[in-house]
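What follows is the content of query.pdb, which has PDB, C-alpha atoms:
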```pdb
ATOM      1  CA  LEU A 115      10.835 -45.106  25.896
ATOM      2  CA  HIS A 116      11.878 -42.191  23.706
ATOM      3  CA  HIS A 117      11.952 -44.287  20.541
ATOM      4  CA  SER A 118       8.584 -45.897  21.264
ATOM      5  CA  CYS A 119       6.966 -42.443  21.101
ATOM      6  CA  ARG A 120       8.043 -41.677  17.527
ATOM      7  CA  PRO A 121       5.107 -41.044  15.057
ATOM      8  CA  LEU A 122       4.460 -43.930  12.736
ATOM      9  CA  ALA A 123       4.993 -43.453   8.988
ATOM     10  CA  LEU A 124       1.877 -44.719   7.215
ATOM     11  CA  ARG A 125       1.528 -45.450   3.497
ATOM     12  CA  SER A 126      -1.160 -43.535   1.584
ATOM     13  CA  ASP A 127      -3.208 -46.699   0.997
ATOM     14  CA  GLU A 128      -3.344 -47.282   4.753
ATOM     15  CA  ILE A 129      -5.184 -43.980   5.404
ATOM     16  CA  ALA A 130      -8.978 -44.341   5.576
ATOM     17  CA  SER A 131     -10.932 -42.485   2.869
ATOM     18  CA  PRO A 132     -14.054 -40.490   3.939
ATOM     19  CA  LYS A 133     -15.992 -41.788   0.850
ATOM     20  CA  LYS A 134     -15.720 -45.387   1.917
ATOM     21  CA  SER A 135     -17.852 -46.982   4.550
ATOM     22  CA  PRO A 136     -16.423 -46.545   8.021
ATOM     23  CA  ARG A 137     -14.206 -49.299   9.249
ATOM     24  CA  ARG A 138     -15.460 -51.612  11.907
ATOM     25  CA  GLN A 139     -14.203 -50.432  15.298
ATOM     26  CA  PRO A 140     -11.657 -52.792  16.801
ATOM     27  CA  ALA A 141     -12.740 -54.764  19.802
ATOM     28  CA  ALA A 142     -11.765 -53.332  23.169
ATOM     29  CA  PRO A 143      -8.676 -55.006  24.608
ATOM     30  CA  SER A 144      -9.221 -57.563  27.295
ATOM     31  CA  PRO A 145      -8.412 -56.679  30.927
ATOM     32  CA  ARG A 146      -5.379 -58.952  30.720
ATOM     33  CA  LEU A 147      -4.021 -57.055  27.708
ATOM     34  CA  ARG A 148      -4.714 -53.707  29.382
ATOM     35  CA  ALA A 149      -2.841 -54.879  32.470
ATOM     36  CA  ALA A 150       0.091 -56.087  30.361
ATOM     37  CA  GLY A 151       0.231 -52.743  28.544
ATOM     38  CA  CYS A 152       0.251 -50.804  31.824
ATOM     39  CA  ALA A 153       2.941 -53.050  33.231
ATOM     40  CA  GLY A 154       5.062 -52.512  30.131
ATOM     41  CA  LEU A 155       4.659 -48.748  30.358
ATOM     42  CA  TRP A 156       5.622 -48.700  34.039
ATOM     43  CA  ALA A 157       8.619 -50.932  33.321
ATOM     44  CA  ALA A 158       9.769 -48.574  30.567
ATOM     45  CA  LEU A 159       9.365 -45.554  32.867
ATOM     46  CA  LEU A 160      11.287 -47.308  35.637
ATOM     47  CA  LEU A 161      14.078 -48.242  33.210
ATOM     48  CA  ALA A 162      14.344 -44.617  32.046
ATOM     49  CA  VAL A 163      14.582 -43.361  35.626
ATOM     50  CA  LEU A 164      17.163 -45.953  36.613
ATOM     51  CA  SER A 165      19.279 -45.282  33.529
ATOM     52  CA  SER A 166      19.398 -41.592  34.399
ATOM     53  CA  MET A 167      20.557 -42.117  37.986
ATOM     54  CA  PRO A 168      24.343 -42.192  37.337
ATOM     55  CA  LEU A 169      24.069 -38.823  35.589
ATOM     56  CA  LEU A 170      21.980 -37.359  38.409
ATOM     57  CA  SER A 171      24.454 -38.740  40.930
ATOM     58  CA  ARG A 172      27.331 -37.184  39.072
ATOM     59  CA  LEU A 173      25.588 -33.808  38.855
ATOM     60  CA  GLY A 174      24.883 -33.977  42.567
ATOM     61  CA  LEU A 175      28.483 -34.713  43.404
ATOM     62  CA  GLN A 176      29.694 -31.923  41.142
ATOM     63  CA  PHE A 177      27.337 -29.518  42.913
ATOM     64  CA  ARG A 178      28.735 -30.638  46.257
ATOM     65  CA  ALA A 179      32.223 -30.164  44.887
ATOM     66  CA  SER A 180      31.484 -26.539  43.999
ATOM     67  CA  VAL A 181      30.132 -25.892  47.485
ATOM     68  CA  LEU A 182      32.558 -28.015  49.501
ATOM     69  CA  ALA A 183      35.664 -27.909  47.310
ATOM     70  CA  GLY A 184      38.050 -28.380  50.206
ATOM     71  CA  ARG A 185      36.345 -31.590  51.327
ATOM     72  CA  LEU A 186      35.991 -33.094  47.856
ATOM     73  CA  GLN A 187      39.479 -32.488  46.495
ATOM     74  CA  ASN A 188      41.030 -35.653  45.074
ATOM     75  CA  SER A 189      37.766 -37.621  45.148
ATOM     76  CA  PRO A 190      36.571 -40.247  42.633
ATOM     77  CA  LEU A 191      33.237 -39.546  40.986
ATOM     78  CA  PRO A 192      30.993 -42.091  39.299
ATOM     79  CA  SER A 193      30.792 -41.535  35.560
ATOM     80  CA  ALA A 194      28.174 -42.784  33.150
ATOM     81  CA  SER A 195      30.452 -42.412  30.135
ATOM     82  CA  ALA A 196      33.986 -43.188  31.354
ATOM     83  CA  PRO A 197      35.109 -46.753  30.668
ATOM     84  CA  ARG A 198      35.488 -48.895  33.773
ATOM     85  CA  HIS A 199      38.922 -50.141  34.727
ATOM     86  CA  PRO A 200      39.150 -53.782  35.826
ATOM     87  CA  THR A 201      40.241 -52.713  39.321
ATOM     88  CA  GLN A 202      37.218 -50.445  39.774
ATOM     89  CA  ARG A 203      34.972 -53.119  41.232
ATOM     90  CA  ARG A 204      34.106 -51.620  44.609
ATOM     91  CA  PRO A 205      31.368 -49.033  45.178
ATOM     92  CA  VAL A 206      32.733 -45.511  44.825
ATOM     93  CA  ALA A 207      30.547 -44.511  47.790
ATOM     94  CA  MET A 208      32.896 -46.451  50.091
ATOM     95  CA  SER A 209      35.663 -44.018  49.193
ATOM     96  CA  TRP A 210      34.485 -41.557  51.830
ATOM     97  CA  ARG A 211      33.681 -44.100  54.542
ATOM     98  CA  SER A 212      37.095 -45.649  55.106
ATOM     99  CA  HIS A 213      37.931 -43.860  58.358
ATOM    100  CA  GLY A 214      40.201 -45.391  60.978
ATOM    101  CA  LYS A 215      41.115 -44.794  64.596
ATOM    102  CA  SER A 216      44.779 -45.612  64.003
ATOM    103  CA  ASN A 217      46.986 -46.314  61.016
ATOM    104  CA  GLU A 218      46.457 -50.043  61.439
ATOM    105  CA  ASP A 219      42.703 -49.522  61.631
ATOM    106  CA  LEU A 220      42.728 -47.255  58.561
ATOM    107  CA  VAL A 221      44.423 -49.951  56.490
ATOM    108  CA  ARG A 222      42.019 -52.563  57.852
ATOM    109  CA  VAL A 223      38.966 -50.510  56.828
ATOM    110  CA  LEU A 224      40.388 -49.753  53.379
ATOM    111  CA  ARG A 225      40.890 -53.489  52.946
ATOM    112  CA  LYS A 226      37.411 -54.295  54.249
ATOM    113  CA  ASN A 227      35.883 -51.809  51.805
ATOM    114  CA  GLN A 228      37.829 -53.451  48.929
ATOM    115  CA  ILE A 229      39.730 -50.299  48.067
ATOM    116  CA  ILE A 230      42.918 -52.115  49.025
ATOM    117  CA  GLU A 231      42.826 -55.495  47.286
ATOM    118  CA  HIS A 232      46.349 -56.900  47.617
ATOM    119  CA  ASP A 233      48.671 -57.757  50.495
ATOM    120  CA  ASP A 234      51.676 -55.855  49.161
ATOM    121  CA  VAL A 235      49.684 -52.608  49.086
ATOM    122  CA  ALA A 236      48.251 -53.230  52.561
ATOM    123  CA  ASN A 237      51.647 -54.112  54.035
ATOM    124  CA  ALA A 238      53.347 -51.019  52.620
ATOM    125  CA  MET A 239      50.602 -48.717  53.876
ATOM    126  CA  ALA A 240      50.726 -50.388  57.286
ATOM    127  CA  VAL A 241      54.420 -49.603  57.875
ATOM    128  CA  VAL A 242      54.117 -45.891  56.990
ATOM    129  CA  ASP A 243      52.053 -44.077  59.625
ATOM    130  CA  ARG A 244      49.966 -41.391  57.953
ATOM    131  CA  ALA A 245      50.034 -39.332  61.165
ATOM    132  CA  ASP A 246      53.755 -38.668  60.589
ATOM    133  CA  PHE A 247      52.885 -36.899  57.322
ATOM    134  CA  VAL A 248      49.726 -34.943  58.180
ATOM    135  CA  PRO A 249      50.125 -31.509  59.815
ATOM    136  CA  GLN A 250      49.489 -31.487  63.531
ATOM    137  CA  GLY A 251      45.905 -30.716  64.473
ATOM    138  CA  HIS A 252      44.392 -32.521  61.488
ATOM    139  CA  ALA A 253      42.673 -35.912  61.612
ATOM    140  CA  ALA A 254      45.270 -38.159  59.994
ATOM    141  CA  TYR A 255      43.085 -41.251  59.790
ATOM    142  CA  GLU A 256      39.936 -39.697  58.353
ATOM    143  CA  ASP A 257      39.239 -40.616  54.750
ATOM    144  CA  ARG A 258      39.457 -37.115  53.342
ATOM    145  CA  PRO A 259      42.166 -34.776  52.031
ATOM    146  CA  GLN A 260      43.917 -32.463  54.474
ATOM    147  CA  PRO A 261      45.488 -29.052  53.783
ATOM    148  CA  ILE A 262      49.275 -28.972  54.088
ATOM    149  CA  GLY A 263      49.811 -25.291  53.332
ATOM    150  CA  TYR A 264      50.942 -23.360  50.250
ATOM    151  CA  GLY A 265      47.745 -24.173  48.369
ATOM    152  CA  ALA A 266      48.407 -27.925  48.497
ATOM    153  CA  THR A 267      46.704 -30.925  50.104
ATOM    154  CA  ILE A 268      47.548 -34.481  51.040
ATOM    155  CA  SER A 269      45.104 -36.702  49.193
ATOM    156  CA  ALA A 270      42.464 -38.777  50.962
ATOM    157  CA  PRO A 271      43.670 -42.263  51.967
ATOM    158  CA  HIS A 272      41.319 -43.964  49.513
ATOM    159  CA  MET A 273      42.916 -42.120  46.585
ATOM    160  CA  HIS A 274      46.401 -43.167  47.665
ATOM    161  CA  ALA A 275      45.174 -46.758  47.912
ATOM    162  CA  TYR A 276      43.512 -46.616  44.472
ATOM    163  CA  CYS A 277      46.708 -45.304  42.862
ATOM    164  CA  LEU A 278      48.902 -47.900  44.573
ATOM    165  CA  GLU A 279      46.611 -50.637  43.294
ATOM    166  CA  LEU A 280      46.751 -49.206  39.767
ATOM    167  CA  LEU A 281      50.575 -49.101  39.888
ATOM    168  CA  ARG A 282      51.308 -52.287  41.828
ATOM    169  CA  GLY A 283      52.271 -54.174  38.675
ATOM    170  CA  GLN A 284      55.114 -51.692  38.203
ATOM    171  CA  LEU A 285      55.948 -51.157  41.910
ATOM    172  CA  GLN A 286      58.015 -54.318  42.008
ATOM    173  CA  PRO A 287      61.383 -54.946  43.688
ATOM    174  CA  GLY A 288      64.129 -53.013  41.926
ATOM    175  CA  ALA A 289      61.783 -50.590  40.136
ATOM    176  CA  LYS A 290      62.483 -46.897  39.590
ATOM    177  CA  VAL A 291      59.569 -44.597  40.423
ATOM    178  CA  LEU A 292      58.776 -40.883  40.141
ATOM    179  CA  ASP A 293      56.172 -39.219  42.382
ATOM    180  CA  VAL A 294      55.211 -35.802  40.964
ATOM    181  CA  GLY A 295      53.797 -33.371  43.504
ATOM    182  CA  SER A 296      55.127 -35.435  46.411
ATOM    183  CA  GLY A 297      53.820 -32.949  49.004
ATOM    184  CA  THR A 298      54.324 -34.349  52.495
ATOM    185  CA  GLY A 299      56.248 -37.409  51.212
ATOM    186  CA  TYR A 300      53.658 -39.917  52.457
ATOM    187  CA  LEU A 301      52.884 -41.778  49.234
ATOM    188  CA  THR A 302      56.531 -41.533  48.170
ATOM    189  CA  ALA A 303      57.595 -43.424  51.307
ATOM    190  CA  ILE A 304      54.941 -46.112  50.782
ATOM    191  CA  MET A 305      56.135 -46.712  47.222
ATOM    192  CA  ALA A 306      59.738 -46.948  48.460
ATOM    193  CA  HIS A 307      58.692 -49.898  50.633
ATOM    194  CA  MET A 308      56.969 -51.575  47.697
ATOM    195  CA  VAL A 309      60.035 -51.420  45.402
ATOM    196  CA  GLY A 310      62.320 -52.916  48.050
ATOM    197  CA  GLU A 311      66.015 -52.504  48.721
ATOM    198  CA  GLY A 312      67.029 -52.547  45.068
ATOM    199  CA  GLY A 313      64.483 -49.943  44.015
ATOM    200  CA  ARG A 314      64.519 -46.171  44.089
ATOM    201  CA  VAL A 315      61.693 -43.645  44.411
ATOM    202  CA  THR A 316      62.093 -39.942  43.666
ATOM    203  CA  GLY A 317      59.576 -37.430  44.948
ATOM    204  CA  ILE A 318      59.576 -34.058  43.198
ATOM    205  CA  GLU A 319      57.838 -30.974  44.616
ATOM    206  CA  HIS A 320      58.136 -27.354  43.432
ATOM    207  CA  ILE A 321      57.449 -25.643  46.779
ATOM    208  CA  PRO A 322      60.759 -25.603  48.722
ATOM    209  CA  GLU A 323      59.019 -25.370  52.091
ATOM    210  CA  LEU A 324      57.072 -28.545  51.325
ATOM    211  CA  VAL A 325      60.256 -30.360  50.298
ATOM    212  CA  ALA A 326      61.826 -29.417  53.640
ATOM    213  CA  ALA A 327      58.701 -30.511  55.518
ATOM    214  CA  SER A 328      58.588 -33.841  53.660
ATOM    215  CA  LEU A 329      62.190 -34.543  54.654
ATOM    216  CA  ARG A 330      61.340 -33.856  58.318
ATOM    217  CA  ASN A 331      58.260 -36.078  58.058
ATOM    218  CA  THR A 332      60.223 -38.929  56.547
ATOM    219  CA  GLN A 333      62.936 -38.726  59.205
ATOM    220  CA  LYS A 334      60.363 -39.423  61.954
ATOM    221  CA  SER A 335      60.095 -43.119  61.169
ATOM    222  CA  GLN A 336      61.348 -43.706  57.623
ATOM    223  CA  GLY A 337      64.783 -42.128  57.757
ATOM    224  CA  HIS A 338      66.401 -45.422  56.817
ATOM    225  CA  LEU A 339      64.861 -45.104  53.351
ATOM    226  CA  LEU A 340      66.685 -41.807  52.840
ATOM    227  CA  ALA A 341      69.945 -43.158  54.271
ATOM    228  CA  ALA A 342      69.874 -46.191  51.992
ATOM    229  CA  GLY A 343      69.178 -44.118  48.867
ATOM    230  CA  ARG A 344      65.873 -45.887  48.280
ATOM    231  CA  LEU A 345      64.024 -42.580  48.613
ATOM    232  CA  GLN A 346      64.982 -39.052  47.589
ATOM    233  CA  LEU A 347      62.955 -35.840  47.755
ATOM    234  CA  VAL A 348      63.933 -33.035  45.397
ATOM    235  CA  GLN A 349      62.700 -29.596  44.404
ATOM    236  CA  GLY A 350      61.681 -28.976  40.811
ATOM    237  CA  ASP A 351      58.884 -28.510  38.304
ATOM    238  CA  GLY A 352      57.267 -31.934  38.215
ATOM    239  CA  ARG A 353      55.519 -31.148  34.938
ATOM    240  CA  LEU A 354      58.943 -31.634  33.343
ATOM    241  CA  GLY A 355      59.603 -34.841  35.227
ATOM    242  CA  HIS A 356      63.069 -35.581  36.600
ATOM    243  CA  ALA A 357      65.148 -36.892  33.730
ATOM    244  CA  ALA A 358      68.236 -37.430  35.885
ATOM    245  CA  GLY A 359      66.585 -40.344  37.682
ATOM    246  CA  GLY A 360      64.806 -41.899  34.721
ATOM    247  CA  PRO A 361      63.618 -43.726  32.841
ATOM    248  CA  TYR A 362      60.931 -44.825  35.275
ATOM    249  CA  ASP A 363      58.896 -47.976  35.618
ATOM    250  CA  ALA A 364      56.103 -46.053  37.328
ATOM    251  CA  ILE A 365      55.152 -42.376  37.496
ATOM    252  CA  HIS A 366      52.438 -41.044  39.784
ATOM    253  CA  VAL A 367      51.107 -37.481  39.585
ATOM    254  CA  GLY A 368      49.161 -36.076  42.533
ATOM    255  CA  ALA A 369      47.530 -33.099  40.785
ATOM    256  CA  ALA A 370      45.422 -32.655  37.654
ATOM    257  CA  ALA A 371      47.151 -31.541  34.459
ATOM    258  CA  PRO A 372      45.001 -29.718  31.874
ATOM    259  CA  THR A 373      46.635 -31.881  29.198
ATOM    260  CA  LEU A 374      49.080 -34.773  29.255
ATOM    261  CA  PRO A 375      52.662 -33.594  30.028
ATOM    262  CA  ARG A 376      54.681 -35.148  27.213
ATOM    263  CA  ALA A 377      57.907 -35.070  29.236
ATOM    264  CA  LEU A 378      56.463 -37.608  31.659
ATOM    265  CA  VAL A 379      55.566 -40.027  28.882
ATOM    266  CA  GLU A 380      59.061 -39.675  27.434
ATOM    267  CA  GLN A 381      60.583 -40.603  30.811
ATOM    268  CA  LEU A 382      58.601 -43.862  31.041
ATOM    269  CA  SER A 383      60.457 -47.120  30.497
ATOM    270  CA  PRO A 384      59.005 -49.683  28.076
ATOM    271  CA  GLY A 385      56.458 -51.555  30.164
ATOM    272  CA  GLY A 386      56.093 -48.543  32.447
ATOM    273  CA  ARG A 387      52.853 -46.905  33.564
ATOM    274  CA  LEU A 388      51.935 -43.285  34.231
ATOM    275  CA  VAL A 389      48.923 -42.569  36.482
ATOM    276  CA  ILE A 390      47.775 -38.963  36.250
ATOM    277  CA  PRO A 391      44.517 -37.016  36.591
ATOM    278  CA  VAL A 392      43.871 -35.076  33.373
ATOM    279  CA  GLY A 393      41.330 -32.334  32.741
ATOM    280  CA  GLU A 394      40.115 -29.059  34.168
ATOM    281  CA  HIS A 395      36.349 -28.938  34.726
ATOM    282  CA  GLN A 396      35.934 -32.678  34.188
ATOM    283  CA  GLN A 397      38.903 -34.800  35.225
ATOM    284  CA  GLU A 398      39.714 -38.425  34.534
ATOM    285  CA  LEU A 399      42.328 -40.503  36.325
ATOM    286  CA  MET A 400      44.228 -41.671  33.253
ATOM    287  CA  LEU A 401      46.549 -44.636  32.792
ATOM    288  CA  TYR A 402      49.266 -44.436  30.139
ATOM    289  CA  ASP A 403      51.118 -47.687  29.427
ATOM    290  CA  LYS A 404      54.262 -47.625  27.269
ATOM    291  CA  GLN A 405      54.645 -50.697  25.066
ATOM    292  CA  ALA A 406      57.921 -52.403  24.178
ATOM    293  CA  ASP A 407      57.862 -50.760  20.728
ATOM    294  CA  GLY A 408      57.372 -47.293  22.224
ATOM    295  CA  ARG A 409      53.645 -46.991  21.544
ATOM    296  CA  VAL A 410      51.572 -45.605  24.413
ATOM    297  CA  MET A 411      48.149 -47.032  25.264
ATOM    298  CA  GLU A 412      45.743 -44.958  27.340
ATOM    299  CA  ARG A 413      42.572 -45.600  29.303
ATOM    300  CA  SER A 414      40.540 -43.982  32.046
ATOM    301  CA  ALA A 415      40.244 -45.554  35.495
ATOM    302  CA  MET A 416      37.610 -43.232  36.983
ATOM    303  CA  SER A 417      36.387 -39.645  37.168
ATOM    304  CA  VAL A 418      38.044 -37.580  39.906
ATOM    305  CA  ILE A 419      38.499 -34.112  41.362
ATOM    306  CA  TYR A 420      42.117 -33.081  42.089
ATOM    307  CA  VAL A 421      43.834 -29.795  42.758
ATOM    308  CA  PRO A 422      45.434 -28.439  39.554
ATOM    309  CA  LEU A 423      48.998 -29.145  38.450
ATOM    310  CA  THR A 424      50.318 -25.611  37.949
ATOM    311  CA  SER A 425      53.389 -23.437  38.209
ATOM    312  CA  LYS A 426      54.778 -22.619  41.640
ATOM    313  CA  GLU A 427      53.812 -18.954  41.217
ATOM    314  CA  PHE A 428      50.195 -19.711  40.355
ATOM    315  CA  GLN A 429      49.840 -22.186  43.194
ATOM    316  CA  LEU A 430      51.193 -19.735  45.760
ATOM    317  CA  SER A 431      48.877 -17.004  44.441
ATOM    318  CA  ARG A 432      45.920 -19.245  45.324
ATOM    319  CA  ALA A 433      47.181 -20.194  48.787
TER     320      ALA A 433
END
```

What would you get if you wrote out this structure as C-alpha cells?
Amino acid sequence: LHHSCRPLALRSDEIASPKKSPRRQPAAPSPRLRAAGCAGLWAALLLAVLSSMPLLSRLGLQFRASVLAGRLQNSPLPSASAPRHPTQRRPVAMSWRSHGKSNEDLVRVLRKNQIIEHDDVANAMAVVDRADFVPQGHAAYEDRPQPIGYGATISAPHMHAYCLELLRGQLQPGAKVLDVGSGTGYLTAIMAHMVGEGGRVTGIEHIPELVAASLRNTQKSQGHLLAAGRLQLVQGDGRLGHAAGGPYDAIHVGAAAPTLPRALVEQLSPGGRLVIPVGEHQQELMLYDKQADGRVMERSAMSVIYVPLTSKEFQLSRA
C-alpha cells in the first residue's frame, strides 16, 4: 500500500502543453471497474492492518510486562522479526493457559496444547512433582512463574517444557548436562531422569540458601538421583559454568545474560547445545550448537522475558 502511493515520474513529452488543444477526457470507468478498484483498495488496507498485528501484539505484551513484571517473567513473546525455530509450531498464546489440577493433569494439558511434543519429555515431567519444588502457599500447577525468594523465580511450566523440547536431542542416556541458575532444582531433576542411569546432571546456583532448599526439595521424592550420583547441586557463579563436570552435551541457563557467556560455549562438547536467553530490554531464547570442528552455529527460538543473569550481590540487592 505504501509503494502504490508513490508519485509517478513522468517524462517531459508526457506533460500536456497549454498551447495545444485540450485532450479528450477519458471515459468514466464502468461500475464493474469502480467496484474492482474499491475491492482492491480495501484488500490492500486489510493486508496492511493484518501485517501490523504481530508488532501491535508484541507492543501490547511488552506493556503488560512493564506493568505486571512478576506475572510475565520467563514468558515467550511473539516476534515479527525473530526467525522461527522448527519446534515453535504451537500458538504462543497457549503458553499461559496450560494450568493443571495436579502434576499429572499439568503434563496432560501441556501435551494437549502441543507445548510438550514427545513422550520422553512428558514421562520425565510426570515423575517429578512440581509441588515438591514450589514454595508452600503458591499454586504449583498454574502455568506461571512463582517467586522462590532471594530475587529469583521458578519458571512457568510451559517454559520448562519448551526448553526440554529444545534440548531433548542432547538429553539422551549417558549425557552430561549443566543447569545454570538451578533455583529450586525442579528442571535439574527432570533432566536427570531424561539422561538415565549413565548420565549426570549438575545444577549450579550462586545463592547458598537456594542450593540448600533445592537439596531439601530433591530429597522429598528424588533423593535416589542424588544417592546414585546422577544429580548434583552445587554453589557457584553459573556465568563461568562448572568446568570440573564438563564438557557438557547440554547446557541450560534459566536467566537472561546481557551477552553470551563465552565460558559456557567453551564447556560444550562437540555436538552439544546451549539454550540461553540473551538480551536486556529485548531478549531472545538462543540456541548455540557446537559442531564437530569446533564452530558454533546460533539461532533464535523465540522472544522471551526472563529475570537477569547477574552477580549474587546484584541479585540480592533487588530481592

Neighbours of range 285-301 of chain A within 8 Å (all atoms listed in the file; same-chain residues fewer than 6 positions away dropped), as number ranges by chain? A: 242, 244, 247-248, 262, 266-268, 274, 308-320, 324-325, 327-329, 331-332, 347, 352-353, 355-356, 359-369

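Between CA of Ala357 in chain A and CA of Glu427 in chain A the separation is 22.5 Å.
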
For the structure shown, which residues end up in the PyMOL selection byres ((chain A and resi 432) around 10)? Put them as an NGL selection string, please? :A and (264-266 or 427-431 or 433)

Interatomic distance (Å, one decimal) between CA of Lys215 in chain A and CA of Val389 in chain A: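 Computing the Euclidean distance for CA of Lys215 in chain A and CA of Val389 in chain A yields 29.3 Å.
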
Care to translate the PyMOL selection byres ((chain A and resi 399) around 10) into actual residues of this file, as a list in words?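 With the PyMOL selection byres ((chain A and resi 399) around 10) on this model, the match is Pro190, Cys277, Val367, Ala370, Val389, Ile390, Pro391, Val392, Gly393, Gln397, Glu398, Met400, Leu401, Arg413, Ser414, Ala415, Met416, Ser417, Val418, Ile419 and Tyr420 of chain A.
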
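What separates CA of Ile230 in chain A from CA of Met273 in chain A is a distance of 10.3 Å.
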
Picked residues, the PyMOL selection byres ((chain A and resi 270) around 8), as a list of chain:residue names: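 Here the PyMOL selection byres ((chain A and resi 270) around 8) matches A:Asn188, A:Ser189, A:Glu256, A:Asp257, A:Arg258, A:Pro259, A:Gln260, A:Ile268, A:Ser269, A:Pro271, A:His272, A:Met273, A:His274.
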
Write the residues of the selection above to a file with C-alpha atoms, as a short mmCIF file (atom, residue, chain, number, x, y, z; two decimals), keeping the file's coordinate frame.
```cif
data_model
loop_
_atom_site.label_atom_id
_atom_site.label_comp_id
_atom_site.auth_asym_id
_atom_site.auth_seq_id
_atom_site.Cartn_x
_atom_site.Cartn_y
_atom_site.Cartn_z
CA ASN A 188 41.03 -35.65 45.07
CA SER A 189 37.77 -37.62 45.15
CA GLU A 256 39.94 -39.70 58.35
CA ASP A 257 39.24 -40.62 54.75
CA ARG A 258 39.46 -37.12 53.34
CA PRO A 259 42.17 -34.78 52.03
CA GLN A 260 43.92 -32.46 54.47
CA ILE A 268 47.55 -34.48 51.04
CA SER A 269 45.10 -36.70 49.19
CA PRO A 271 43.67 -42.26 51.97
CA HIS A 272 41.32 -43.96 49.51
CA MET A 273 42.92 -42.12 46.58
CA HIS A 274 46.40 -43.17 47.66
#
```

Residue contacts of Met411 in chain A (7 Å, only C-alpha atoms) excluding same-chain residues fewer than 6 positions away, as a list in words: Tyr402, Asp403 and Lys404 of chain A
